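Asks: Contents of structure.pdb (PDB, C-alpha atoms and all ligand atoms) are given next:
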MODEL        1
ATOM      1  CA  MET G1106     -94.530 -13.408-112.295
ATOM      2  CA  PHE G1107     -94.020 -16.028-115.032
ATOM      3  CA  ARG G1108     -90.532 -17.394-115.531
ATOM      4  CA  VAL G1109     -89.550 -18.258-119.110
ATOM      5  CA  LEU G1110     -86.297 -20.034-119.908
ATOM      6  CA  THR G1111     -84.872 -19.423-123.414
ATOM      7  CA  LEU G1112     -82.722 -22.194-124.888
ATOM      8  CA  ASN G1113     -81.765 -20.231-128.030
ATOM      9  CA  ASN G1114     -81.615 -16.609-129.060
ATOM     10  CA  ILE G1115     -85.219 -15.644-129.624
ATOM     11  CA  SER G1116     -85.975 -12.534-131.673
ATOM     12  CA  VAL G1117     -86.355  -9.497-129.427
ATOM     13  CA  ARG G1118     -89.635  -8.629-131.182
ATOM     14  CA  GLY G1119     -91.051 -11.851-129.766
ATOM     15  CA  LEU G1120     -89.635 -11.340-126.295
ATOM     16  CA  GLU G1121     -91.213  -7.863-126.212
ATOM     17  CA  ARG G1122     -94.603  -9.620-126.196
ATOM     18  CA  LEU G1123     -93.817 -10.884-122.689
ATOM     19  CA  PRO G1124     -93.931  -7.674-120.599
ATOM     20  CA  ARG G1125     -91.236  -7.276-117.969
ATOM     21  CA  ASP G1126     -93.685  -6.493-115.189
ATOM     22  CA  ARG G1127     -95.180  -9.978-115.576
ATOM     23  CA  TYR G1128     -92.379 -12.058-117.115
ATOM     24  CA  GLU G1129     -88.845 -12.917-116.193
ATOM     25  CA  VAL G1130     -87.166 -14.181-119.373
ATOM     26  CA  ALA G1131     -83.584 -15.456-119.290
ATOM     27  CA  SER G1132     -81.246 -18.097-120.682
ATOM     28  CA  ALA G1133     -80.410 -19.342-117.175
ATOM     29  CA  LEU G1134     -83.281 -19.600-114.729
ATOM     30  CA  SER G1135     -84.299 -22.002-111.986
ATOM     31  CA  ASP G1136     -87.807 -23.462-111.792
ATOM     32  CA  PRO G1137     -89.087 -21.961-115.063
ATOM     33  CA  ASP G1138     -92.798 -22.110-115.895
ATOM     34  CA  ALA G1139     -92.110 -22.339-119.617
ATOM     35  CA  VAL G1140     -89.337 -22.901-122.136
ATOM     36  CA  LEU G1141     -88.839 -21.026-125.400
ATOM     37  CA  VAL G1142     -86.680 -22.833-127.940
ATOM     38  CA  ARG G1143     -85.648 -22.620-131.591
ATOM     39  CA  SER G1144     -83.449 -25.458-132.772
ATOM     40  CA  ALA G1145     -81.783 -26.657-129.543
ATOM     41  CA  ASP G1146     -82.229 -30.412-129.104
ATOM     42  CA  MET G1147     -84.417 -30.887-126.039
ATOM     43  CA  HIS G1148     -84.350 -34.688-126.283
ATOM     44  CA  SER G1149     -81.006 -34.767-124.530
ATOM     45  CA  ILE G1150     -81.642 -32.294-121.715
ATOM     46  CA  ASP G1151     -83.438 -32.616-118.390
ATOM     47  CA  ILE G1152     -86.584 -30.551-118.519
ATOM     48  CA  PRO G1153     -87.287 -29.028-115.088
ATOM     49  CA  SER G1154     -90.445 -30.429-113.480
ATOM     50  CA  SER G1155     -91.723 -26.871-112.957
ATOM     51  CA  VAL G1156     -92.237 -26.461-116.738
ATOM     52  CA  ILE G1157     -95.904 -26.371-117.767
ATOM     53  CA  ALA G1158     -95.473 -25.355-121.423
ATOM     54  CA  VAL G1159     -92.881 -25.343-124.212
ATOM     55  CA  GLY G1160     -92.909 -22.927-127.142
ATOM     56  CA  ARG G1161     -90.979 -23.539-130.349
ATOM     57  CA  ALA G1162     -90.186 -20.481-132.482
ATOM     58  CA  GLY G1163     -90.438 -22.490-135.690
ATOM     59  CA  ALA G1164     -92.664 -24.931-137.526
ATOM     60  CA  GLY G1165     -91.299 -28.421-136.823
ATOM     61  CA  THR G1166     -91.223 -29.894-133.332
ATOM     62  CA  ASN G1167     -88.845 -32.807-133.875
ATOM     63  CA  ASN G1168     -86.180 -31.270-131.605
ATOM     64  CA  ILE G1169     -88.673 -31.568-128.736
ATOM     65  CA  PRO G1170     -89.746 -34.762-126.901
ATOM     66  CA  VAL G1171     -93.413 -34.063-127.616
ATOM     67  CA  ALA G1172     -94.688 -37.525-126.604
ATOM     68  CA  ARG G1173     -92.865 -37.446-123.253
ATOM     69  CA  LEU G1174     -94.131 -33.929-122.522
ATOM     70  CA  SER G1175     -97.691 -34.843-123.553
ATOM     71  CA  GLU G1176     -97.671 -37.706-121.047
ATOM     72  CA  LEU G1177     -96.835 -35.116-118.405
ATOM     73  CA  GLY G1178     -99.634 -32.882-119.672
ATOM     74  CA  VAL G1179     -97.193 -30.231-120.933
ATOM     75  CA  PRO G1180     -98.365 -28.666-124.202
ATOM     76  CA  VAL G1181     -95.836 -27.853-126.937
ATOM     77  CA  PHE G1182     -96.657 -24.790-129.006
ATOM     78  CA  ASN G1183     -95.118 -23.968-132.382
ATOM     79  CA  ALA G1184     -95.505 -21.262-135.002
ATOM     80  CA  PRO G1185     -97.145 -22.898-138.019
ATOM     81  CA  GLY G1186     -96.957 -20.814-141.173
ATOM     82  CA  ALA G1187     -94.903 -18.019-139.605
ATOM     83  CA  ASN G1188     -91.885 -18.852-141.742
ATOM     84  CA  ALA G1189     -93.767 -20.113-144.812
ATOM     85  CA  ASN G1190     -92.872 -17.185-147.042
ATOM     86  CA  ALA G1191     -89.168 -17.459-146.204
ATOM     87  CA  VAL G1192     -89.091 -21.185-146.975
ATOM     88  CA  LYS G1193     -91.105 -20.697-150.157
ATOM     89  CA  GLU G1194     -88.639 -18.110-151.459
ATOM     90  CA  LEU G1195     -85.689 -20.454-150.928
ATOM     91  CA  VAL G1196     -87.495 -23.390-152.545
ATOM     92  CA  ILE G1197     -88.255 -21.253-155.602
ATOM     93  CA  ALA G1198     -84.576 -20.246-155.666
ATOM     94  CA  GLY G1199     -83.800 -23.995-155.538
ATOM     95  CA  LEU G1200     -85.845 -24.579-158.693
ATOM     96  CA  PHE G1201     -83.710 -22.020-160.525
ATOM     97  CA  LEU G1202     -80.481 -23.379-159.021
ATOM     98  CA  ALA G1203     -81.334 -26.755-160.505
ATOM     99  CA  ALA G1204     -82.717 -25.590-163.844
ATOM    100  CA  ARG G1205     -79.807 -23.250-164.618
ATOM    101  CA  ASN G1206     -76.939 -25.149-162.897
ATOM    102  CA  ILE G1207     -76.172 -21.946-161.013
ATOM    103  CA  CYS G1208     -73.921 -23.326-158.263
ATOM    104  CA  GLN G1209     -71.927 -25.538-160.614
ATOM    105  CA  ALA G1210     -71.521 -22.714-163.140
ATOM    106  CA  TRP G1211     -70.453 -20.290-160.425
ATOM    107  CA  ASP G1212     -67.872 -22.767-159.232
ATOM    108  CA  TYR G1213     -66.625 -23.138-162.819
ATOM    109  CA  ALA G1214     -66.392 -19.362-163.334
ATOM    110  CA  ARG G1215     -64.493 -18.849-160.079
ATOM    111  CA  GLN G1216     -61.816 -21.257-161.186
ATOM    112  CA  LEU G1217     -61.112 -19.680-164.568
ATOM    113  CA  THR G1218     -57.546 -18.458-164.944
ATOM    114  CA  GLY G1219     -55.240 -17.476-167.801
ATOM    115  CA  SER G1220     -55.203 -14.766-170.457
ATOM    116  CA  ASP G1221     -58.315 -12.898-171.617
ATOM    117  CA  GLU G1222     -58.337 -15.083-174.741
ATOM    118  CA  GLU G1223     -58.184 -18.288-172.681
ATOM    119  CA  ILE G1224     -60.977 -17.044-170.470
ATOM    120  CA  ASP G1225     -63.076 -16.191-173.550
ATOM    121  CA  VAL G1226     -62.635 -19.790-174.761
ATOM    122  CA  ALA G1227     -63.579 -21.149-171.339
ATOM    123  CA  VAL G1228     -66.664 -18.918-171.244
ATOM    124  CA  GLU G1229     -67.830 -20.341-174.562
ATOM    125  CA  GLN G1230     -67.229 -23.869-173.235
ATOM    126  CA  GLY G1231     -69.135 -23.001-170.055
ATOM    127  CA  LYS G1232     -72.136 -21.808-172.069
ATOM    128  CA  LYS G1233     -72.331 -25.252-173.692
ATOM    129  CA  LYS G1234     -71.545 -27.197-170.551
ATOM    130  CA  PHE G1235     -74.216 -25.511-168.424
ATOM    131  CA  VAL G1236     -77.136 -25.255-170.840
ATOM    132  CA  GLY G1237     -80.216 -25.151-168.644
ATOM    133  CA  TYR G1238     -83.947 -25.181-169.104
ATOM    134  CA  GLU G1239     -86.863 -22.886-168.337
ATOM    135  CA  LEU G1240     -89.606 -23.585-165.834
ATOM    136  CA  PRO G1241     -92.836 -22.840-167.748
ATOM    137  CA  GLY G1242     -94.316 -26.093-168.986
ATOM    138  CA  ARG G1243     -92.332 -28.236-166.545
ATOM    139  CA  THR G1244     -94.326 -30.093-163.916
ATOM    140  CA  LEU G1245     -93.599 -29.602-160.219
ATOM    141  CA  GLY G1246     -94.929 -32.041-157.640
ATOM    142  CA  VAL G1247     -95.546 -30.586-154.183
ATOM    143  CA  ILE G1248     -95.801 -33.196-151.452
ATOM    144  CA  GLY G1249     -97.518 -31.845-148.359
ATOM    145  CA  LEU G1250     -99.965 -28.981-148.700
ATOM    146  CA  GLY G1251     -99.514 -27.298-145.359
ATOM    147  CA  ALA G1252     -98.550 -23.649-145.016
ATOM    148  CA  VAL G1253     -95.274 -23.969-146.966
ATOM    149  CA  GLY G1254     -96.534 -26.431-149.580
ATOM    150  CA  VAL G1255     -99.483 -24.215-150.526
ATOM    151  CA  GLU G1256     -97.204 -21.171-150.862
ATOM    152  CA  VAL G1257     -94.739 -23.099-153.040
ATOM    153  CA  ALA G1258     -97.501 -24.567-155.215
ATOM    154  CA  ASN G1259     -99.084 -21.186-155.873
ATOM    155  CA  ALA G1260     -95.736 -19.458-156.576
ATOM    156  CA  ALA G1261     -94.640 -22.191-158.990
ATOM    157  CA  HIS G1262     -97.960 -21.933-160.783
ATOM    158  CA  LEU G1263     -97.415 -18.172-161.179
ATOM    159  CA  LEU G1264     -94.027 -18.956-162.742
ATOM    160  CA  GLY G1265     -95.835 -20.903-165.450
ATOM    161  CA  MET G1266     -95.171 -24.398-164.103
ATOM    162  CA  ARG G1267     -97.729 -27.155-164.136
ATOM    163  CA  VAL G1268     -98.235 -28.017-160.486
ATOM    164  CA  LEU G1269     -99.432 -31.251-158.961
ATOM    165  CA  GLY G1270    -100.023 -31.354-155.217
ATOM    166  CA  PHE G1271    -100.431 -34.313-152.912
ATOM    167  CA  ASP G1272    -101.455 -34.454-149.283
ATOM    168  CA  PRO G1273    -103.562 -37.309-147.944
ATOM    169  CA  GLN G1274    -104.830 -35.042-145.178
ATOM    170  CA  ILE G1275    -105.672 -31.968-147.186
ATOM    171  CA  THR G1276    -108.520 -29.977-145.697
ATOM    172  CA  VAL G1277    -111.183 -28.235-147.744
ATOM    173  CA  GLN G1278    -109.860 -24.947-146.420
ATOM    174  CA  ARG G1279    -106.334 -25.731-147.701
ATOM    175  CA  ALA G1280    -107.668 -26.847-151.055
ATOM    176  CA  TRP G1281    -109.351 -23.455-151.391
ATOM    177  CA  GLN G1282    -106.039 -21.733-150.740
ATOM    178  CA  LEU G1283    -104.522 -23.414-153.782
ATOM    179  CA  SER G1284    -104.647 -21.367-156.945
ATOM    180  CA  SER G1285    -106.914 -22.845-159.587
ATOM    181  CA  GLY G1286    -103.931 -24.044-161.642
ATOM    182  CA  VAL G1287    -102.802 -26.464-158.958
ATOM    183  CA  GLU G1288    -104.077 -29.976-159.577
ATOM    184  CA  GLN G1289    -104.200 -32.660-156.891
ATOM    185  CA  ALA G1290    -102.440 -35.950-157.614
ATOM    186  CA  LEU G1291    -104.229 -39.220-156.847
ATOM    187  CA  SER G1292    -101.333 -40.733-154.923
ATOM    188  CA  LEU G1293     -97.636 -40.264-154.325
ATOM    189  CA  ASP G1294     -96.801 -42.692-157.104
ATOM    190  CA  ASP G1295     -99.124 -40.809-159.457
ATOM    191  CA  LEU G1296     -97.343 -37.574-158.537
ATOM    192  CA  PHE G1297     -93.833 -38.968-159.071
ATOM    193  CA  SER G1298     -94.712 -40.495-162.410
ATOM    194  CA  ARG G1299     -96.012 -37.179-163.791
ATOM    195  CA  CYS G1300     -93.355 -34.760-162.526
ATOM    196  CA  ASP G1301     -90.057 -33.255-163.670
ATOM    197  CA  MET G1302     -89.358 -31.780-160.245
ATOM    198  CA  VAL G1303     -90.610 -32.802-156.803
ATOM    199  CA  THR G1304     -90.439 -30.830-153.570
ATOM    200  CA  VAL G1305     -91.298 -32.211-150.117
ATOM    201  CA  HIS G1306     -93.039 -30.247-147.371
ATOM    202  CA  VAL G1307     -94.147 -32.782-144.785
ATOM    203  CA  PRO G1308     -92.931 -33.226-141.196
ATOM    204  CA  LEU G1309     -90.571 -36.080-140.372
ATOM    205  CA  LEU G1310     -92.732 -38.815-138.827
ATOM    206  CA  GLU G1311     -92.439 -42.594-138.818
ATOM    207  CA  GLY G1312     -94.796 -42.664-141.816
ATOM    208  CA  THR G1313     -92.794 -40.146-143.862
ATOM    209  CA  ARG G1314     -89.253 -41.353-143.119
ATOM    210  CA  GLY G1315     -87.524 -42.357-146.355
ATOM    211  CA  PHE G1316     -90.634 -41.996-148.418
ATOM    212  CA  VAL G1317     -88.731 -40.404-151.285
ATOM    213  CA  SER G1318     -87.461 -43.903-151.984
ATOM    214  CA  ALA G1319     -85.622 -45.741-154.763
ATOM    215  CA  ALA G1320     -88.933 -47.090-156.098
ATOM    216  CA  ARG G1321     -90.491 -43.618-156.272
ATOM    217  CA  LEU G1322     -87.395 -42.040-157.815
ATOM    218  CA  ARG G1323     -87.635 -44.588-160.616
ATOM    219  CA  LEU G1324     -91.078 -43.163-161.474
ATOM    220  CA  LEU G1325     -89.773 -39.613-161.887
ATOM    221  CA  LYS G1326     -89.191 -38.269-165.404
ATOM    222  CA  GLU G1327     -85.642 -38.534-166.812
ATOM    223  CA  LYS G1328     -83.185 -36.021-165.301
ATOM    224  CA  GLY G1329     -85.764 -35.172-162.654
ATOM    225  CA  VAL G1330     -85.014 -32.959-159.688
ATOM    226  CA  VAL G1331     -85.779 -33.527-156.002
ATOM    227  CA  LEU G1332     -85.874 -30.644-153.537
ATOM    228  CA  ASN G1333     -85.968 -31.233-149.809
ATOM    229  CA  PHE G1334     -86.376 -28.170-147.603
ATOM    230  CA  SER G1335     -88.254 -30.104-144.922
ATOM    231  CA  ARG G1336     -86.281 -32.693-142.933
ATOM    232  CA  ALA G1337     -83.320 -34.815-144.046
ATOM    233  CA  GLY G1338     -84.789 -38.224-143.127
ATOM    234  CA  ILE G1339     -87.748 -37.872-145.485
ATOM    235  CA  VAL G1340     -85.494 -38.590-148.440
ATOM    236  CA  ASP G1341     -83.493 -41.804-148.755
ATOM    237  CA  GLU G1342     -80.047 -40.364-149.546
ATOM    238  CA  SER G1343     -78.607 -43.678-150.786
ATOM    239  CA  ALA G1344     -81.444 -43.890-153.294
ATOM    240  CA  ILE G1345     -80.698 -40.304-154.379
ATOM    241  CA  LEU G1346     -77.020 -41.178-154.888
ATOM    242  CA  GLU G1347     -77.930 -44.241-156.915
ATOM    243  CA  ALA G1348     -80.361 -42.254-159.087
ATOM    244  CA  LEU G1349     -77.792 -39.488-159.643
ATOM    245  CA  GLU G1350     -75.108 -42.008-160.583
ATOM    246  CA  ALA G1351     -77.471 -43.786-162.962
ATOM    247  CA  GLY G1352     -78.189 -40.427-164.664
ATOM    248  CA  LYS G1353     -81.866 -40.789-163.799
ATOM    249  CA  LEU G1354     -81.859 -37.835-161.410
ATOM    250  CA  GLY G1355     -80.557 -34.494-162.713
ATOM    251  CA  ALA G1356     -80.133 -32.726-159.379
ATOM    252  CA  TYR G1357     -80.822 -32.921-155.654
ATOM    253  CA  ILE G1358     -81.248 -29.632-153.807
ATOM    254  CA  CYS G1359     -81.560 -29.865-150.047
ATOM    255  CA  ASP G1360     -81.434 -27.671-146.988
ATOM    256  CA  PHE G1361     -79.209 -29.903-144.835
ATOM    257  CA  PRO G1362     -75.540 -30.762-144.692
ATOM    258  CA  THR G1363     -75.135 -34.264-146.108
ATOM    259  CA  ARG G1364     -72.020 -36.391-145.622
ATOM    260  CA  LEU G1365     -72.978 -38.863-148.313
ATOM    261  CA  LEU G1366     -73.800 -36.382-151.060
ATOM    262  CA  LYS G1367     -71.924 -33.198-150.263
ATOM    263  CA  ASN G1368     -69.214 -33.610-152.904
ATOM    264  CA  HIS G1369     -71.527 -34.772-155.644
ATOM    265  CA  PRO G1370     -71.474 -32.340-158.594
ATOM    266  CA  LYS G1371     -75.245 -32.482-158.983
ATOM    267  CA  VAL G1372     -76.068 -31.799-155.348
ATOM    268  CA  VAL G1373     -76.548 -28.433-153.680
ATOM    269  CA  ALA G1374     -76.805 -28.743-149.891
ATOM    270  CA  LEU G1375     -77.508 -25.685-147.740
ATOM    271  CA  PRO G1376     -77.135 -25.407-143.941
ATOM    272  CA  HIS G1377     -80.880 -25.296-143.083
ATOM    273  CA  LEU G1378     -81.443 -21.732-144.268
ATOM    274  CA  GLY G1379     -85.130 -22.056-145.187
ATOM    275  CA  ALA G1380     -86.436 -20.059-142.240
ATOM    276  CA  SER G1381     -83.316 -17.951-141.754
ATOM    277  CA  THR G1382     -84.561 -14.501-142.574
ATOM    278  CA  GLY G1383     -84.939 -11.668-140.108
ATOM    279  CA  GLU G1384     -88.639 -11.523-140.966
ATOM    280  CA  ALA G1385     -89.294 -15.236-140.350
ATOM    281  CA  GLU G1386     -87.371 -15.211-137.067
ATOM    282  CA  GLU G1387     -89.494 -12.288-135.883
ATOM    283  CA  ASN G1388     -92.768 -13.786-137.110
ATOM    284  CA  CYS G1389     -92.066 -17.116-135.396
ATOM    285  CA  ALA G1390     -90.985 -15.507-132.138
ATOM    286  CA  ILE G1391     -94.011 -13.211-132.058
ATOM    287  CA  MET G1392     -96.461 -16.018-132.842
ATOM    288  CA  VAL G1393     -95.093 -18.423-130.274
ATOM    289  CA  ALA G1394     -94.705 -15.760-127.569
ATOM    290  CA  ASP G1395     -98.342 -14.714-128.045
ATOM    291  CA  THR G1396     -99.481 -18.336-127.903
ATOM    292  CA  LEU G1397     -97.452 -19.064-124.795
ATOM    293  CA  LYS G1398     -98.722 -15.932-123.091
ATOM    294  CA  ASP G1399    -102.319 -16.820-123.897
ATOM    295  CA  PHE G1400    -101.778 -20.217-122.307
ATOM    296  CA  LEU G1401     -99.952 -18.968-119.213
ATOM    297  CA  GLU G1402    -102.355 -16.109-118.554
ATOM    298  CA  ASN G1403    -105.684 -17.500-119.790
ATOM    299  CA  GLY G1404    -105.185 -21.244-120.118
ATOM    300  CA  ASN G1405    -105.955 -21.139-123.859
ATOM    301  CA  ILE G1406    -104.382 -23.733-126.104
ATOM    302  CA  ARG G1407    -103.616 -22.936-129.769
ATOM    303  CA  HIS G1408    -100.953 -24.183-132.207
ATOM    304  CA  SER G1409    -100.016 -27.222-130.134
TER     305      SER G1409
HETATM  306  C1  LIG K1501     -88.822 -24.967-138.745
HETATM  307  O1  LIG K1501     -89.127 -26.081-138.326
HETATM  308  O2  LIG K1501     -89.434 -23.958-138.458
HETATM  309  C2  LIG K1501     -87.660 -24.799-139.639
HETATM  310  O3  LIG K1501     -87.081 -25.977-139.996
HETATM  311  C3  LIG K1501     -86.702 -23.763-139.176
HETATM  312  C4  LIG K1501     -85.762 -24.126-138.091
HETATM  313  O4  LIG K1501     -85.762 -25.201-137.527
HETATM  314  O5  LIG K1501     -84.954 -23.261-137.771
ENDMDL
END
Please express what this file holds, its structure, as structure tokens.
Replies:
Amino acid sequence: MFRVLTLNNISVRGLERLPRDRYEVASALSDPDAVLVRSADMHSIDIPSSVIAVGRAGAGTNNIPVARLSELGVPVFNAPGANANAVKELVIAGLFLAARNICQAWDYARQLTGSDEEIDVAVEQGKKKFVGYELPGRTLGVIGLGAVGVEVANAAHLLGMRVLGFDPQITVQRAWQLSSGVEQALSLDDLFSRCDMVTVHVPLLEGTRGFVSAARLRLLKEKGVVLNFSRAGIVDESAILEALEAGKLGAYICDFPTRLLKNHPKVVALPHLGASTGEAEENCAIMVADTLKDFLENGNIRHS
């Protein structure tokens, strides 16, 4: 019998992959063989010494002390690509939010009061105030061509955007998954200097922390847009604020609560909704449960 401790609610479709005759799965369990986790921060908890594997029902692993576990020989499995479609859809929504000022205009419309005539006047003013732009012909830079980045690049290309991708570690296989309209930039600076909008899809590592920096934002085209649906630390928020205030940046759309920027009229900040669809939760749980099972029962290691 394998004992699996769950630290978050894991989709039942995933848990069904661990049959009851061979697995005991519970949120409170002594001496577990494995841990299944979504977003719970495992850095701050004592991991029982009985644990021989950790599975994350998601893509990133920065809520898990991977280095410490590796030293103990405990593999950490994740679910790469299982939520890529969900994240892609929200990023594409983010492009429209920015281009058409949707959140700001909605806020404006909700606050309209007065007679029908007064509202008609305000509607006319709103139409002028929130003039947007269309995506075809604009250039989108996609930083990081992993599962999500490739999906975003291809979808933006289908919307008629010019797309520039950059990933120093791109594999031949990934390059083949890019539609023919997606061009690869020579460097990050090259990408920033040729784009109207930039979206980041890299993990948060020492090398990527703050790499959407003041210097790079200066290279972006006037009234550019930055989208961050990856991890908060990848973008230097003070530099974003400075660029917004200087009128250089037109909008910042991110998938994290942000104390510094939350009241800024040109910022839309969501509560990490990228992978929050029923489908993505199921896909991640199924992928990681299968991987964990393969390791526990056969000793195979994949997605670690
Ligand atoms: C992920 O790493 O899979 C996403 O950020 C989703 C999440 O953490 O819930």
Asks: For a quick check of understanding, using all atoms listed in the file, which of G:Asn1167, G:Gln1289, G:Asn1403, G:Thr1111 has the smallest distance to Asp1146 of chain G?
Replies: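 Residue with the minimum atom-to-atom distance to Asp1146 of chain G: G:Asn1167.
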Asks: Grab the atom CA of Gly1186 of chain G to atom CA of Arg1143 of chain G distance for me, in Å with one decimal place.
Replies: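 Between atom CA of Gly1186 of chain G and atom CA of Arg1143 of chain G the gap works out to 14.9 Å.
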Asks: What is the atom CA of Phe1316 of chain G to atom CA of Val1257 of chain G distance in Å?
Replies: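 We find that atom CA of Phe1316 of chain G and atom CA of Val1257 of chain G lie 19.9 Å from each other.
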Asks: Kindly compile the residues surrounding ligand LIG 1501 (chain K) within 6 Å, counting only C-alpha atoms and all ligand atoms, and format them as a PyMOL selection string.
Replies: chain G and resi 1144+1163-1165+1380
Asks: If the PyMOL selection byres (((chain G and resi 1318) around 9) and not hetatm) is run on the structure shown, which residues does it catch, given as an MDAnalysis selection string?
Replies: chainID G and resid 1315:1317 1319:1323 1339:1345
Asks: As a check of understanding, name the residues that the PyMOL selection byres (((chain G and resi 1156) around 6) and not hetatm) selects in the supplied structure, as a short mmCIF file (atom, residue, chain, number, x, y, z; two decimals) with C-alpha atoms, in the frame of the given file.
Replies:
data_model
loop_
_atom_site.label_atom_id
_atom_site.label_comp_id
_atom_site.auth_asym_id
_atom_site.auth_seq_id
_atom_site.Cartn_x
_atom_site.Cartn_y
_atom_site.Cartn_z
CA PRO G 1137 -89.09 -21.96 -115.06
CA ASP G 1138 -92.80 -22.11 -115.90
CA ALA G 1139 -92.11 -22.34 -119.62
CA PRO G 1153 -87.29 -29.03 -115.09
CA SER G 1154 -90.44 -30.43 -113.48
CA SER G 1155 -91.72 -26.87 -112.96
CA ILE G 1157 -95.90 -26.37 -117.77
CA ALA G 1158 -95.47 -25.36 -121.42
#
Asks: Rank nothing, just name the residue among G:Ala1210, G:Met1302, G:Ala1184, G:Leu1346 nearest to Val1331 of chain G, using only C-alpha atoms.
Replies: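 Checking each of G:Ala1210, G:Met1302, G:Ala1184, G:Leu1346 against Val1331 of chain G, counting only C-alpha atoms, the winner is G:Met1302.
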